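Q: Following this line is start26.cif, made up of mmCIF, C-alpha atoms:
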```cif
data_coords
loop_
_atom_site.label_atom_id
_atom_site.label_comp_id
_atom_site.auth_asym_id
_atom_site.auth_seq_id
_atom_site.Cartn_x
_atom_site.Cartn_y
_atom_site.Cartn_z
CA MET A 1 -20.95 0.22 21.73
CA ARG A 2 -22.02 -3.34 20.95
CA ILE A 3 -19.93 -4.84 18.14
CA ALA A 4 -20.90 -8.05 16.36
CA LEU A 5 -18.08 -9.90 14.64
CA LEU A 6 -19.69 -12.15 12.07
CA GLY A 7 -17.14 -14.77 11.18
CA GLY A 8 -15.67 -13.88 14.54
CA THR A 9 -14.50 -17.43 15.10
CA GLY A 10 -11.47 -17.17 12.85
CA ASP A 11 -8.76 -15.09 11.27
CA ILE A 12 -9.20 -11.33 11.46
CA GLY A 13 -12.42 -11.71 13.48
CA GLU A 14 -10.56 -13.34 16.37
CA GLY A 15 -7.99 -10.55 16.53
CA LEU A 16 -10.57 -7.76 16.46
CA ALA A 17 -12.69 -9.54 19.09
CA LEU A 18 -9.76 -9.98 21.46
CA ARG A 19 -8.38 -6.49 20.96
CA TRP A 20 -11.72 -4.73 21.45
CA ALA A 21 -12.53 -6.86 24.47
CA TYR A 22 -9.06 -6.30 25.91
CA HIS A 23 -8.47 -2.62 25.18
CA THR A 24 -11.94 -1.07 25.25
CA ASP A 25 -15.29 -1.07 27.05
CA HIS A 26 -17.17 -2.16 23.94
CA GLU A 27 -19.32 -5.22 24.20
CA VAL A 28 -18.16 -7.96 21.83
CA VAL A 29 -20.56 -10.43 20.26
CA ILE A 30 -19.28 -13.33 18.15
CA GLY A 31 -21.35 -14.47 15.18
CA SER A 32 -21.09 -17.67 13.19
CA ARG A 33 -23.29 -19.81 10.95
CA ASP A 34 -23.00 -22.37 13.70
CA PRO A 35 -24.18 -20.91 17.04
CA GLU A 36 -22.40 -23.70 18.96
CA LYS A 37 -19.10 -22.70 17.38
CA ALA A 38 -19.80 -19.03 18.15
CA ARG A 39 -20.45 -19.81 21.81
CA ALA A 40 -17.36 -22.04 22.08
CA LYS A 41 -15.15 -19.34 20.57
CA ALA A 42 -16.67 -16.66 22.79
CA GLU A 43 -15.77 -18.80 25.80
CA GLU A 44 -12.27 -19.34 24.46
CA TYR A 45 -11.81 -15.56 24.15
CA GLU A 46 -13.13 -15.06 27.69
CA THR A 47 -10.57 -17.58 28.97
CA GLU A 48 -7.77 -15.84 27.06
CA LEU A 49 -8.79 -12.47 28.50
CA ASP A 50 -9.19 -13.94 31.97
CA SER A 51 -5.63 -15.30 31.82
CA ARG A 52 -4.55 -11.68 31.35
CA GLY A 53 -6.57 -10.44 34.29
CA VAL A 54 -9.42 -9.03 32.23
CA GLU A 55 -12.84 -10.21 33.23
CA LYS A 56 -15.08 -9.63 30.27
CA LYS A 57 -18.26 -11.20 28.98
CA VAL A 58 -18.07 -12.28 25.33
CA THR A 59 -21.18 -13.86 23.85
CA GLY A 60 -21.76 -16.06 20.82
CA PHE A 61 -24.79 -16.37 18.51
CA VAL A 62 -25.78 -17.41 15.03
CA ASN A 63 -24.90 -14.55 12.62
CA GLU A 64 -28.43 -13.11 12.27
CA MET A 65 -28.91 -12.96 16.06
CA ALA A 66 -25.49 -11.41 16.59
CA ALA A 67 -26.26 -8.76 13.95
CA ASP A 68 -29.64 -8.09 15.48
CA ARG A 69 -28.07 -7.29 18.84
CA ALA A 70 -25.31 -4.98 17.58
CA ASP A 71 -24.70 -1.32 16.81
CA VAL A 72 -21.77 -2.20 14.58
CA VAL A 73 -21.60 -5.33 12.45
CA VAL A 74 -18.20 -6.45 11.14
CA LEU A 75 -18.30 -8.87 8.19
CA ALA A 76 -15.15 -10.83 9.06
CA VAL A 77 -15.79 -13.58 6.50
CA PRO A 78 -14.06 -14.55 3.23
CA PRO A 79 -14.79 -12.15 0.33
CA TYR A 80 -16.94 -14.66 -1.57
CA HIS A 81 -19.34 -14.83 1.40
CA VAL A 82 -19.82 -11.13 2.15
CA ALA A 83 -22.66 -10.46 -0.31
CA ASP A 84 -24.72 -13.50 0.79
CA LEU A 85 -24.10 -12.77 4.45
CA THR A 86 -25.10 -9.12 4.00
CA GLU A 87 -28.37 -10.21 2.42
CA GLU A 88 -28.99 -12.79 5.15
CA ILE A 89 -28.72 -10.21 7.91
CA ALA A 90 -30.32 -7.31 5.96
CA ASP A 91 -33.64 -7.36 7.86
CA ARG A 92 -31.78 -7.19 11.20
CA LEU A 93 -30.18 -3.87 10.24
CA ASP A 94 -31.59 -0.35 10.31
CA GLU A 95 -30.40 3.21 9.73
CA ASP A 96 -28.66 3.18 13.11
CA SER A 97 -26.67 0.08 12.17
CA LEU A 98 -23.21 0.28 10.71
CA LEU A 99 -21.65 -2.38 8.48
CA VAL A 100 -17.87 -2.76 8.45
CA SER A 101 -16.06 -4.70 5.71
CA PRO A 102 -12.51 -5.95 6.36
CA ALA A 103 -12.39 -8.59 3.55
CA VAL A 104 -10.08 -8.56 0.53
CA GLY A 105 -10.25 -10.58 -2.68
CA MET A 106 -6.90 -12.15 -3.53
CA GLN A 107 -5.57 -14.77 -5.86
CA LYS A 108 -2.36 -16.74 -5.49
CA GLY A 109 -0.07 -16.62 -8.51
CA GLU A 110 3.55 -17.33 -9.25
CA GLY A 111 5.75 -15.45 -6.81
CA GLY A 112 2.95 -13.95 -4.79
CA PHE A 113 -0.62 -12.83 -4.34
CA ARG A 114 -2.57 -10.56 -6.67
CA TYR A 115 -5.50 -8.32 -5.90
CA ASN A 116 -8.64 -9.87 -7.35
CA PRO A 117 -11.58 -7.52 -6.84
CA PRO A 118 -15.21 -8.44 -7.51
CA SER A 119 -16.96 -6.73 -10.42
CA ALA A 120 -18.33 -4.11 -7.99
CA GLY A 121 -14.76 -2.73 -7.97
CA SER A 122 -13.88 -3.81 -4.43
CA VAL A 123 -15.24 -6.03 -1.67
CA THR A 124 -16.32 -2.92 0.25
CA GLN A 125 -18.37 -1.70 -2.71
CA LEU A 126 -19.85 -5.19 -3.09
CA VAL A 127 -21.05 -5.00 0.51
CA ALA A 128 -22.48 -1.52 -0.12
CA GLU A 129 -24.43 -2.86 -3.11
CA ALA A 130 -25.82 -5.77 -1.09
CA ALA A 131 -26.69 -3.70 2.00
CA PRO A 132 -30.04 -1.96 2.56
CA GLU A 133 -29.82 1.56 1.20
CA ASP A 134 -30.09 3.32 4.56
CA VAL A 135 -27.33 1.26 6.24
CA PRO A 136 -23.92 2.91 5.97
CA VAL A 137 -20.97 0.71 4.93
CA VAL A 138 -17.37 1.39 5.91
CA GLY A 139 -14.28 -0.48 4.74
CA ALA A 140 -11.65 -0.93 7.45
CA PHE A 141 -9.13 -3.35 8.99
CA GLN A 142 -8.30 -4.87 5.57
CA ASN A 143 -4.54 -4.59 6.00
CA LEU A 144 -4.02 -6.08 9.46
CA ALA A 145 -2.21 -9.40 9.70
CA ALA A 146 -4.57 -11.76 11.54
CA ASP A 147 -1.92 -13.52 13.66
CA ARG A 148 -0.34 -10.27 14.78
CA LEU A 149 -3.72 -8.82 15.69
CA ALA A 150 -4.78 -11.92 17.64
CA ASN A 151 -1.59 -12.08 19.70
CA LEU A 152 -2.17 -9.69 22.59
CA ASP A 153 1.53 -9.89 23.51
CA VAL A 154 2.41 -8.04 20.33
CA GLU A 155 2.29 -4.24 20.26
CA LEU A 156 0.72 -3.14 17.01
CA ASP A 157 2.09 0.33 16.24
CA LEU A 158 0.32 0.19 12.89
CA ASP A 159 -2.10 2.11 10.72
CA THR A 160 -5.46 0.97 9.47
CA LEU A 161 -7.32 2.71 6.66
CA VAL A 162 -10.97 3.62 6.58
CA VAL A 163 -13.12 4.23 3.46
CA GLY A 164 -16.76 5.21 3.28
CA ASP A 165 -19.29 7.64 1.84
CA ASP A 166 -21.00 8.41 5.17
CA GLY A 167 -18.85 10.79 7.18
CA ASP A 168 -20.42 10.02 10.57
CA ALA A 169 -20.15 6.28 10.06
CA LYS A 170 -16.54 6.67 9.05
CA GLU A 171 -15.79 8.72 12.17
CA ASN A 172 -17.41 6.03 14.32
CA VAL A 173 -15.21 3.34 12.78
CA LYS A 174 -12.12 5.52 13.14
CA ASP A 175 -12.95 5.85 16.84
CA LEU A 176 -13.47 2.10 17.17
CA ALA A 177 -10.11 1.48 15.50
CA ALA A 178 -8.31 4.05 17.59
CA GLY A 179 -9.67 2.36 20.72
CA ILE A 180 -7.30 -0.51 20.00
CA GLU A 181 -3.92 0.31 21.52
CA GLY A 182 -1.23 0.97 18.92
CA LEU A 183 -3.65 1.28 16.04
CA ARG A 184 -3.99 4.59 14.18
CA ALA A 185 -6.93 5.03 11.83
CA LEU A 186 -6.49 7.13 8.70
CA ASP A 187 -9.15 8.28 6.25
CA ALA A 188 -8.60 6.97 2.71
CA GLY A 189 -11.65 8.72 1.28
CA PRO A 190 -14.93 7.52 -0.23
CA LEU A 191 -15.96 3.92 -1.03
CA ALA A 192 -14.70 4.45 -4.59
CA ASN A 193 -11.16 4.47 -3.13
CA ALA A 194 -11.58 1.04 -1.51
CA ALA A 195 -9.74 -0.95 -4.21
CA GLU A 196 -6.46 0.83 -3.49
CA VAL A 197 -6.85 0.04 0.22
CA GLU A 198 -7.73 -3.61 -0.33
CA SER A 199 -4.93 -4.19 -2.83
CA LEU A 200 -2.43 -3.28 -0.13
CA THR A 201 -3.12 -6.65 1.52
CA PRO A 202 -1.63 -8.90 -1.19
CA LEU A 203 1.31 -6.50 -1.30
CA LEU A 204 1.93 -6.99 2.43
CA ILE A 205 1.84 -10.76 1.97
CA ASN A 206 4.27 -10.50 -0.95
CA LEU A 207 6.69 -8.54 1.22
CA ALA A 208 6.51 -11.24 3.90
CA ILE A 209 7.22 -13.89 1.24
CA HIS A 210 10.21 -12.12 -0.30
CA ASN A 211 11.99 -10.47 2.64
CA ASP A 212 13.70 -12.34 5.46
CA GLY A 213 12.69 -11.04 8.83
CA LEU A 214 9.36 -9.57 7.75
CA HIS A 215 6.41 -11.56 9.09
CA ASP A 216 2.79 -10.56 9.58
CA VAL A 217 3.69 -7.31 7.86
CA GLY A 218 1.80 -4.13 8.67
CA VAL A 219 2.13 -0.58 7.51
CA ARG A 220 2.77 2.94 8.79
CA PHE A 221 2.16 6.02 6.68
CA GLU A 222 4.51 8.90 7.38
CA MET B 1 27.74 3.17 -11.47
CA ARG B 2 26.53 5.60 -14.11
CA ILE B 3 22.80 6.29 -13.80
CA ALA B 4 20.79 8.00 -16.54
CA LEU B 5 17.58 9.65 -15.39
CA LEU B 6 15.43 10.04 -18.50
CA GLY B 7 12.84 12.64 -17.71
CA GLY B 8 15.32 13.72 -15.07
CA THR B 9 14.28 17.32 -15.42
CA GLY B 10 11.13 17.01 -13.36
CA ASP B 11 9.18 15.32 -10.63
CA ILE B 12 10.60 12.02 -9.35
CA GLY B 13 13.62 12.31 -11.68
CA GLU B 14 14.80 15.46 -9.93
CA GLY B 15 14.63 13.86 -6.50
CA LEU B 16 16.47 10.71 -7.54
CA ALA B 17 19.14 12.76 -9.34
CA LEU B 18 19.76 14.98 -6.32
CA ARG B 19 19.72 12.13 -3.80
CA TRP B 20 22.09 9.90 -5.76
CA ALA B 21 24.43 12.79 -6.47
CA TYR B 22 24.31 13.91 -2.84
CA HIS B 23 24.47 10.60 -0.98
CA THR B 24 26.49 8.32 -3.28
CA ASP B 25 29.47 8.15 -5.62
CA HIS B 26 27.32 7.22 -8.60
CA GLU B 27 27.60 9.38 -11.67
CA VAL B 28 24.29 11.04 -12.54
CA VAL B 29 23.30 11.82 -16.11
CA ILE B 30 20.12 13.78 -16.87
CA GLY B 31 18.17 12.90 -20.00
CA SER B 32 15.44 14.87 -21.72
CA ARG B 33 13.87 15.14 -25.16
CA ASP B 34 15.37 18.60 -25.21
CA PRO B 35 19.15 18.45 -24.61
CA GLU B 36 19.22 22.16 -23.71
CA LYS B 37 16.73 21.53 -20.94
CA ALA B 38 18.73 18.53 -19.75
CA ARG B 39 21.91 20.59 -19.54
CA ALA B 40 20.17 23.48 -17.78
CA LYS B 41 18.68 21.13 -15.19
CA ALA B 42 22.01 19.35 -14.68
CA GLU B 43 23.58 22.73 -13.94
CA GLU B 44 20.75 23.61 -11.58
CA TYR B 45 21.35 20.35 -9.66
CA GLU B 46 25.10 21.07 -9.52
CA THR B 47 24.36 24.49 -8.03
CA GLU B 48 22.01 22.98 -5.46
CA LEU B 49 24.65 20.40 -4.47
CA ASP B 50 27.37 23.04 -4.41
CA SER B 51 25.30 25.14 -1.98
CA ARG B 52 25.46 22.13 0.34
CA GLY B 53 29.22 21.77 -0.01
CA VAL B 54 29.09 18.87 -2.44
CA GLU B 55 31.09 19.36 -5.60
CA LYS B 56 29.70 16.94 -8.14
CA LYS B 57 29.53 16.87 -11.91
CA VAL B 58 26.02 16.28 -13.27
CA THR B 59 25.68 16.13 -17.05
CA GLY B 60 22.70 16.56 -19.37
CA PHE B 61 21.95 14.97 -22.76
CA VAL B 62 19.13 14.11 -25.09
CA ASN B 63 17.48 10.86 -23.84
CA GLU B 64 19.15 8.49 -26.33
CA MET B 65 22.63 9.84 -25.55
CA ALA B 66 22.02 9.69 -21.82
CA ALA B 67 20.85 6.06 -22.10
CA ASP B 68 23.83 5.18 -24.28
CA ARG B 69 26.25 6.38 -21.60
CA ALA B 70 24.63 4.65 -18.63
CA ASP B 71 24.72 1.34 -16.76
CA VAL B 72 21.30 1.97 -15.29
CA VAL B 73 18.51 3.80 -17.11
CA VAL B 74 15.61 5.16 -15.06
CA LEU B 75 12.45 5.95 -17.05
CA ALA B 76 11.27 8.88 -14.94
CA VAL B 77 8.59 9.97 -17.41
CA PRO B 78 4.77 9.89 -17.29
CA PRO B 79 3.28 6.39 -17.76
CA TYR B 80 1.88 7.14 -21.23
CA HIS B 81 5.42 7.88 -22.47
CA VAL B 82 7.32 4.87 -21.09
CA ALA B 83 6.62 2.46 -23.96
CA ASP B 84 7.60 4.95 -26.68
CA LEU B 85 10.67 6.06 -24.77
CA THR B 86 11.75 2.45 -24.20
CA GLU B 87 11.51 1.80 -27.93
CA GLU B 88 13.38 5.01 -28.77
CA ILE B 89 16.35 4.03 -26.64
CA ALA B 90 16.21 0.27 -27.32
CA ASP B 91 19.24 0.17 -29.61
CA ARG B 92 21.33 1.99 -26.99
CA LEU B 93 20.76 -0.82 -24.48
CA ASP B 94 22.42 -4.21 -24.16
CA GLU B 95 22.43 -7.17 -21.79
CA ASP B 96 24.56 -5.21 -19.33
CA SER B 97 22.02 -2.40 -19.22
CA LEU B 98 19.32 -2.21 -16.61
CA LEU B 99 15.99 -0.45 -17.05
CA VAL B 100 14.21 0.93 -13.99
CA SER B 101 10.54 1.94 -14.09
CA PRO B 102 9.20 4.30 -11.39
CA ALA B 103 6.01 5.39 -13.22
CA VAL B 104 2.43 4.73 -12.12
CA GLY B 105 -0.82 5.07 -14.09
CA MET B 106 -3.45 6.99 -12.12
CA GLN B 107 -6.76 8.60 -12.79
CA LYS B 108 -8.39 11.36 -10.77
CA GLY B 109 -11.93 10.61 -9.65
CA GLU B 110 -14.35 11.93 -7.07
CA GLY B 111 -12.65 11.98 -3.67
CA GLY B 112 -9.29 10.77 -4.84
CA PHE B 113 -7.05 8.98 -7.28
CA ARG B 114 -7.56 5.48 -8.67
CA TYR B 115 -5.00 3.07 -9.99
CA ASN B 116 -5.30 2.90 -13.76
CA PRO B 117 -2.93 0.26 -15.13
CA PRO B 118 -2.19 -0.26 -18.82
CA SER B 119 -3.46 -3.47 -20.45
CA ALA B 120 -0.04 -5.06 -19.79
CA GLY B 121 -1.17 -5.22 -16.12
CA SER B 122 1.17 -2.54 -14.80
CA VAL B 123 3.49 0.15 -16.11
CA THR B 124 6.49 -1.99 -15.15
CA GLN B 125 5.19 -4.89 -17.24
CA LEU B 126 4.51 -2.47 -20.12
CA VAL B 127 8.18 -1.43 -20.02
CA ALA B 128 9.24 -5.09 -19.94
CA GLU B 129 7.13 -5.76 -23.05
CA ALA B 130 8.65 -2.79 -24.89
CA ALA B 131 12.25 -3.49 -23.84
CA PRO B 132 14.69 -5.71 -25.79
CA GLU B 133 14.42 -9.26 -24.51
CA ASP B 134 17.92 -9.40 -22.98
CA VAL B 135 17.56 -6.14 -21.02
CA PRO B 136 16.30 -6.70 -17.48
CA VAL B 137 13.52 -4.43 -16.21
CA VAL B 138 13.00 -3.58 -12.54
CA GLY B 139 10.12 -1.59 -11.06
CA ALA B 140 11.18 0.69 -8.19
CA PHE B 141 10.70 4.12 -6.60
CA GLN B 142 7.00 4.21 -7.55
CA ASN B 143 5.82 5.20 -4.09
CA LEU B 144 8.12 8.11 -3.26
CA ALA B 145 6.61 11.59 -3.06
CA ALA B 146 8.53 13.73 -5.54
CA ASP B 147 8.69 16.90 -3.41
CA ARG B 148 9.89 15.04 -0.33
CA LEU B 149 12.55 13.23 -2.34
CA ALA B 150 13.78 16.42 -4.01
CA ASN B 151 14.12 18.33 -0.73
CA LEU B 152 17.53 17.35 0.65
CA ASP B 153 16.65 18.97 3.98
CA VAL B 154 14.07 16.25 4.59
CA GLU B 155 15.14 12.93 6.08
CA LEU B 156 13.34 10.16 4.26
CA ASP B 157 13.07 7.24 6.70
CA LEU B 158 10.94 5.42 4.14
CA ASP B 159 10.68 2.16 2.25
CA THR B 160 10.74 1.66 -1.48
CA LEU B 161 9.64 -1.56 -3.15
CA VAL B 162 11.41 -3.41 -5.93
CA VAL B 163 9.86 -5.87 -8.40
CA GLY B 164 11.55 -7.80 -11.17
CA ASP B 165 12.11 -11.22 -12.71
CA ASP B 166 15.93 -10.95 -12.86
CA GLY B 167 17.41 -11.53 -9.42
CA ASP B 168 20.76 -9.85 -10.09
CA ALA B 169 19.13 -6.79 -11.62
CA LYS B 170 16.81 -6.54 -8.64
CA GLU B 171 19.74 -6.77 -6.21
CA ASN B 172 21.50 -3.98 -8.13
CA VAL B 173 18.48 -1.71 -7.84
CA LYS B 174 18.06 -2.56 -4.16
CA ASP B 175 21.69 -1.49 -3.64
CA LEU B 176 21.12 1.72 -5.60
CA ALA B 177 18.06 2.48 -3.48
CA ALA B 178 19.80 1.67 -0.22
CA GLY B 179 22.59 4.08 -1.19
CA ILE B 180 20.13 6.90 -0.60
CA GLU B 181 20.20 7.81 3.08
CA GLY B 182 17.01 6.90 4.92
CA LEU B 183 15.67 4.71 2.13
CA ARG B 184 15.17 0.97 2.71
CA ALA B 185 14.56 -1.25 -0.32
CA LEU B 186 12.27 -4.27 0.03
CA ASP B 187 11.67 -7.05 -2.46
CA ALA B 188 8.03 -7.27 -3.59
CA GLY B 189 8.64 -10.25 -5.88
CA PRO B 190 8.40 -10.77 -9.65
CA LEU B 191 7.15 -8.32 -12.29
CA ALA B 192 3.72 -9.95 -12.03
CA ASN B 193 3.45 -8.35 -8.56
CA ALA B 194 4.03 -4.81 -9.91
CA ALA B 195 0.37 -3.74 -9.97
CA GLU B 196 0.06 -4.05 -6.18
CA VAL B 197 3.18 -1.89 -5.78
CA GLU B 198 2.06 0.75 -8.25
CA SER B 199 -1.46 0.99 -6.83
CA LEU B 200 0.02 2.06 -3.51
CA THR B 201 0.79 5.45 -5.05
CA PRO B 202 -2.82 6.66 -5.54
CA LEU B 203 -3.50 5.38 -2.01
CA LEU B 204 -0.71 7.57 -0.61
CA ILE B 205 -2.14 10.59 -2.43
CA ASN B 206 -5.62 9.81 -1.10
CA LEU B 207 -4.25 9.73 2.45
CA ALA B 208 -2.65 13.14 1.91
CA ILE B 209 -5.98 14.49 0.61
CA HIS B 210 -8.11 13.16 3.48
CA ASN B 211 -5.89 13.51 6.58
CA ASP B 212 -4.76 16.79 8.06
CA GLY B 213 -1.06 16.83 8.75
CA LEU B 214 -0.14 14.15 6.21
CA HIS B 215 1.73 15.61 3.22
CA ASP B 216 4.00 13.93 0.68
CA VAL B 217 3.06 10.67 2.35
CA GLY B 218 5.47 7.75 2.32
CA VAL B 219 5.34 4.30 3.77
CA ARG B 220 7.15 1.99 6.21
CA PHE B 221 6.48 -1.74 6.37
CA GLU B 222 6.89 -3.25 9.81
#
```
For this file, produce the structure as structure tokens.
A:
Amino acid sequence: MRIALLGGTGDIGEGLALRWAYHTDHEVVIGSRDPEKARAKAEEYETELDSRGVEKKVTGFVNEMAADRADVVVLAVPPYHVADLTEEIADRLDEDSLLVSPAVGMQKGEGGFRYNPPSAGSVTQLVAEAAPEDVPVVGAFQNLAADRLANLDVELDLDTLVVGDDGDAKENVKDLAAGIEGLRALDAGPLANAAEVESLTPLLINLAIHNDGLHDVGVRFE
Amino acid sequence: MRIALLGGTGDIGEGLALRWAYHTDHEVVIGSRDPEKARAKAEEYETELDSRGVEKKVTGFVNEMAADRADVVVLAVPPYHVADLTEEIADRLDEDSLLVSPAVGMQKGEGGFRYNPPSAGSVTQLVAEAAPEDVPVVGAFQNLAADRLANLDVELDLDTLVVGDDGDAKENVKDLAAGIEGLRALDAGPLANAAEVESLTPLLINLAIHNDGLHDVGVRFE
């Protein structure tokens, strides 16, 4: 599978790029507004993988080009950019494309972070509203700590949750997630359940703030 | 410590009553609107404990009486009753009392449950608004599956999250939680963070609905 990580130069995008390149045979394409930055980051990831004995081609393009080349497009950008970005790449997508949304709207308050969803109900639903009707949208990877994901020395042993209205698309994303060693993908239901998944992210940050010894907190459901 | 479980005749109240009576030296008092029902349930819990070789007195009273007798009062009732119940017992509480709120507002929709907080922001904050000003309120035990908690044959190995604005009260509730074998209590911050804790409960139910092999789902933060 060819996976484009738009916003793949930072944060959660970096971790997903490295993990998929390291653990799977999927082809990883980095997207950015700035194609130079995308190429530089792609090279950086190649060097990181090479230092671990994995020879893997990672390419970098401007977002639209990266989307155009991919089977799966991950919108690894801040929540206030997802709708615009979805519209920008809309004509590069078709019914065989798959859009994945890992973003979460949060707001810092006293003593922690609060879930701050867009009026669509959740970031995932916002993406679904902005996407062409025939392109399935799946929410996933919202609750993974970026630093932990990007550090290939760290074993994950974590769950990630998947929401979506298209069963096949959801299965595809579950498979993509499960390809990453130590990651288990669970089904959290339709898109309408996305808010409860996304609001887990500020909770995880609050636990890291208020409990000694908990950093880059993740979750296991048992 | 003497713990009153108001609404201790059903659901989460039953599990907390049995676990505290079984695993700790705390005195457990069952409260109900109907004192007969409270007494009958208290006897039922005694029998259950006795069958496991634990001889322990559990008493039952009408809610106000149970609250009056207790150091810690747990409002184990449905979310739409917590405000009224808090007001009903208000004159039985003082600055040495401690109110614990385990309730969560949820709404069933297509494909799962959605978090449905009261206008106070969360059930825990609703309790804090209804409680006398000098009585500390702590949110806890919101994310424990009632059946799993009430079955003493099941090892928990789970986390529970605690929110509150009064540090001492929160420490007390963390200790109470940690007294239950297999339960780890984590600090999720001030009352203003309660919504993110409560909204984890519909998520857990959604995971049980959509994943084979996951029942009475609980959570571990790692």
Q: Could you please determine the separation between CA of Ile3 in chain B and CA of Leu93 in chain B in Å, to one decimal place?
A: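 Separation between CA of Ile3 in chain B and CA of Leu93 in chain B: 13.0 Å.
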Q: Run the PyMOL selection byres ((chain B and resi 1) around 10) against the file shown and list the residues it catches, as a PDB file with C-alpha atoms, keeping the file's coordinate frame.
A:
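Full text of part-v3.pdb as output:
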```
ATOM      1  CA  ARG B   2      26.530   5.600 -14.110  1.00  0.00           C
ATOM      2  CA  ILE B   3      22.800   6.290 -13.800  1.00  0.00           C
ATOM      3  CA  ALA B   4      20.790   8.000 -16.540  1.00  0.00           C
ATOM      4  CA  THR B  24      26.490   8.320  -3.280  1.00  0.00           C
ATOM      5  CA  ASP B  25      29.470   8.150  -5.620  1.00  0.00           C
ATOM      6  CA  HIS B  26      27.320   7.220  -8.600  1.00  0.00           C
ATOM      7  CA  GLU B  27      27.600   9.380 -11.670  1.00  0.00           C
ATOM      8  CA  VAL B  28      24.290  11.040 -12.540  1.00  0.00           C
ATOM      9  CA  ALA B  70      24.630   4.650 -18.630  1.00  0.00           C
ATOM     10  CA  ASP B  71      24.720   1.340 -16.760  1.00  0.00           C
ATOM     11  CA  VAL B  72      21.300   1.970 -15.290  1.00  0.00           C
ATOM     12  CA  LEU B 176      21.120   1.720  -5.600  1.00  0.00           C
TER      13      LEU B 176
END
```
Q: With only C-alpha atoms considered, list every residue of chain B at most 7 Å from chain A, as a compact mmCIF listing (two decimals) with C-alpha atoms, keeping the file's coordinate frame.
A:
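As written to disk, result-v9.txt reads:
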```
# COMPACT_ATOMS: atom_id res chain seq x y z
CA GLY B 111 -12.65 11.98 -3.67
CA GLY B 112 -9.29 10.77 -4.84
CA ARG B 114 -7.56 5.48 -8.67
CA LEU B 186 12.27 -4.27 0.03
CA ASP B 187 11.67 -7.05 -2.46
CA ALA B 188 8.03 -7.27 -3.59
CA GLY B 189 8.64 -10.25 -5.88
CA PRO B 190 8.40 -10.77 -9.65
CA ASN B 193 3.45 -8.35 -8.56
CA GLU B 196 0.06 -4.05 -6.18
CA VAL B 197 3.18 -1.89 -5.78
CA SER B 199 -1.46 0.99 -6.83
CA LEU B 200 0.02 2.06 -3.51
CA LEU B 203 -3.50 5.38 -2.01
CA ASN B 206 -5.62 9.81 -1.10
CA LEU B 207 -4.25 9.73 2.45
CA HIS B 210 -8.11 13.16 3.48
CA ASN B 211 -5.89 13.51 6.58
CA VAL B 217 3.06 10.67 2.35
CA GLY B 218 5.47 7.75 2.32
CA VAL B 219 5.34 4.30 3.77
CA ARG B 220 7.15 1.99 6.21
CA PHE B 221 6.48 -1.74 6.37
CA GLU B 222 6.89 -3.25 9.81
```
Q: Set the distance at 12 Å and use all atoms listed in the file: which residues neighbour Ala90 in chain B once local chain neighbours fewer than 2 positions away are removed? I'd like the list as a list in words.
A: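 The neighbour list is Asn63, Glu64, Met65, Ala67, Asp68, Val73, Val82, Ala83, Asp84, Leu85, Thr86, Glu87, Glu88, Arg92, Leu93, Asp94, Glu95, Ser97, Leu98, Leu99, Val127, Ala128, Glu129, Ala130, Ala131, Pro132, Glu133, Asp134 and Val135 of chain B.
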Q: On this file, the PyMOL selection byres ((chain B and resi 144-146) around 6) gives some set of residues; write that set as a PDB file with C-alpha atoms, in the frame of the given file.
A:
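Listed below is the output, part27.pdb:
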```pdb
ATOM      1  CA  ASP B  11       9.180  15.320 -10.630  1.00  0.00           C
ATOM      2  CA  ILE B  12      10.600  12.020  -9.350  1.00  0.00           C
ATOM      3  CA  PHE B 141      10.700   4.120  -6.600  1.00  0.00           C
ATOM      4  CA  GLN B 142       7.000   4.210  -7.550  1.00  0.00           C
ATOM      5  CA  ASN B 143       5.820   5.200  -4.090  1.00  0.00           C
ATOM      6  CA  ASP B 147       8.690  16.900  -3.410  1.00  0.00           C
ATOM      7  CA  ARG B 148       9.890  15.040  -0.330  1.00  0.00           C
ATOM      8  CA  LEU B 149      12.550  13.230  -2.340  1.00  0.00           C
ATOM      9  CA  ASP B 216       4.000  13.930   0.680  1.00  0.00           C
TER      10      ASP B 216
END
```
Q: Please, which residues in range 106-216 of chain A fall within 12 Å of range 47-55 of chain A when counting all atoms listed in the file, and what is the closest atom pair and distance in Å to one decimal for each, ordered by chain then residue number, as CSV?
A:
```
residue,atom,partner,partner_atom,distance
A:Ala150,CA,A:Glu48,CA,10.6
A:Asn151,CA,A:Glu48,CA,10.3
A:Leu152,CA,A:Arg52,CA,9.3
A:Asp153,CA,A:Arg52,CA,10.1
```
Q: Please provide the set of residues having any atom within 9 Å of Val173 in chain B, restricted to all atoms listed in the file, with same-chain residues fewer than 2 positions apart removed, written as a PyMOL selection string.
A: chain B and resi 72+98+100+138-140+162+168-171+175-178+185
Q: Between A:Ala40, A:Asn116, A:Glu155, A:Thr160, which residue has the minimum interatomic distance to Lys174 in chain A, considering all atoms listed in the file?
A: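 Going through A:Ala40, A:Asn116, A:Glu155, A:Thr160 one by one, the smallest distance to Lys174 in chain A is for A:Thr160.
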Q: At what distance in Å, to one decimal, does CA of Gly60 in chain A lie from CA of Lys37 in chain A?
A: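 Straight-line distance from CA of Lys37 in chain A to CA of Gly60 in chain A works out to 7.9 Å.
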Q: For the file shown, report as a VMD selection string the outcome of the PyMOL selection byres ((chain B and resi 39) around 12) at residue level.
A: chain B and resid 8 to 9 29 to 38 40 to 46 57 to 63 66
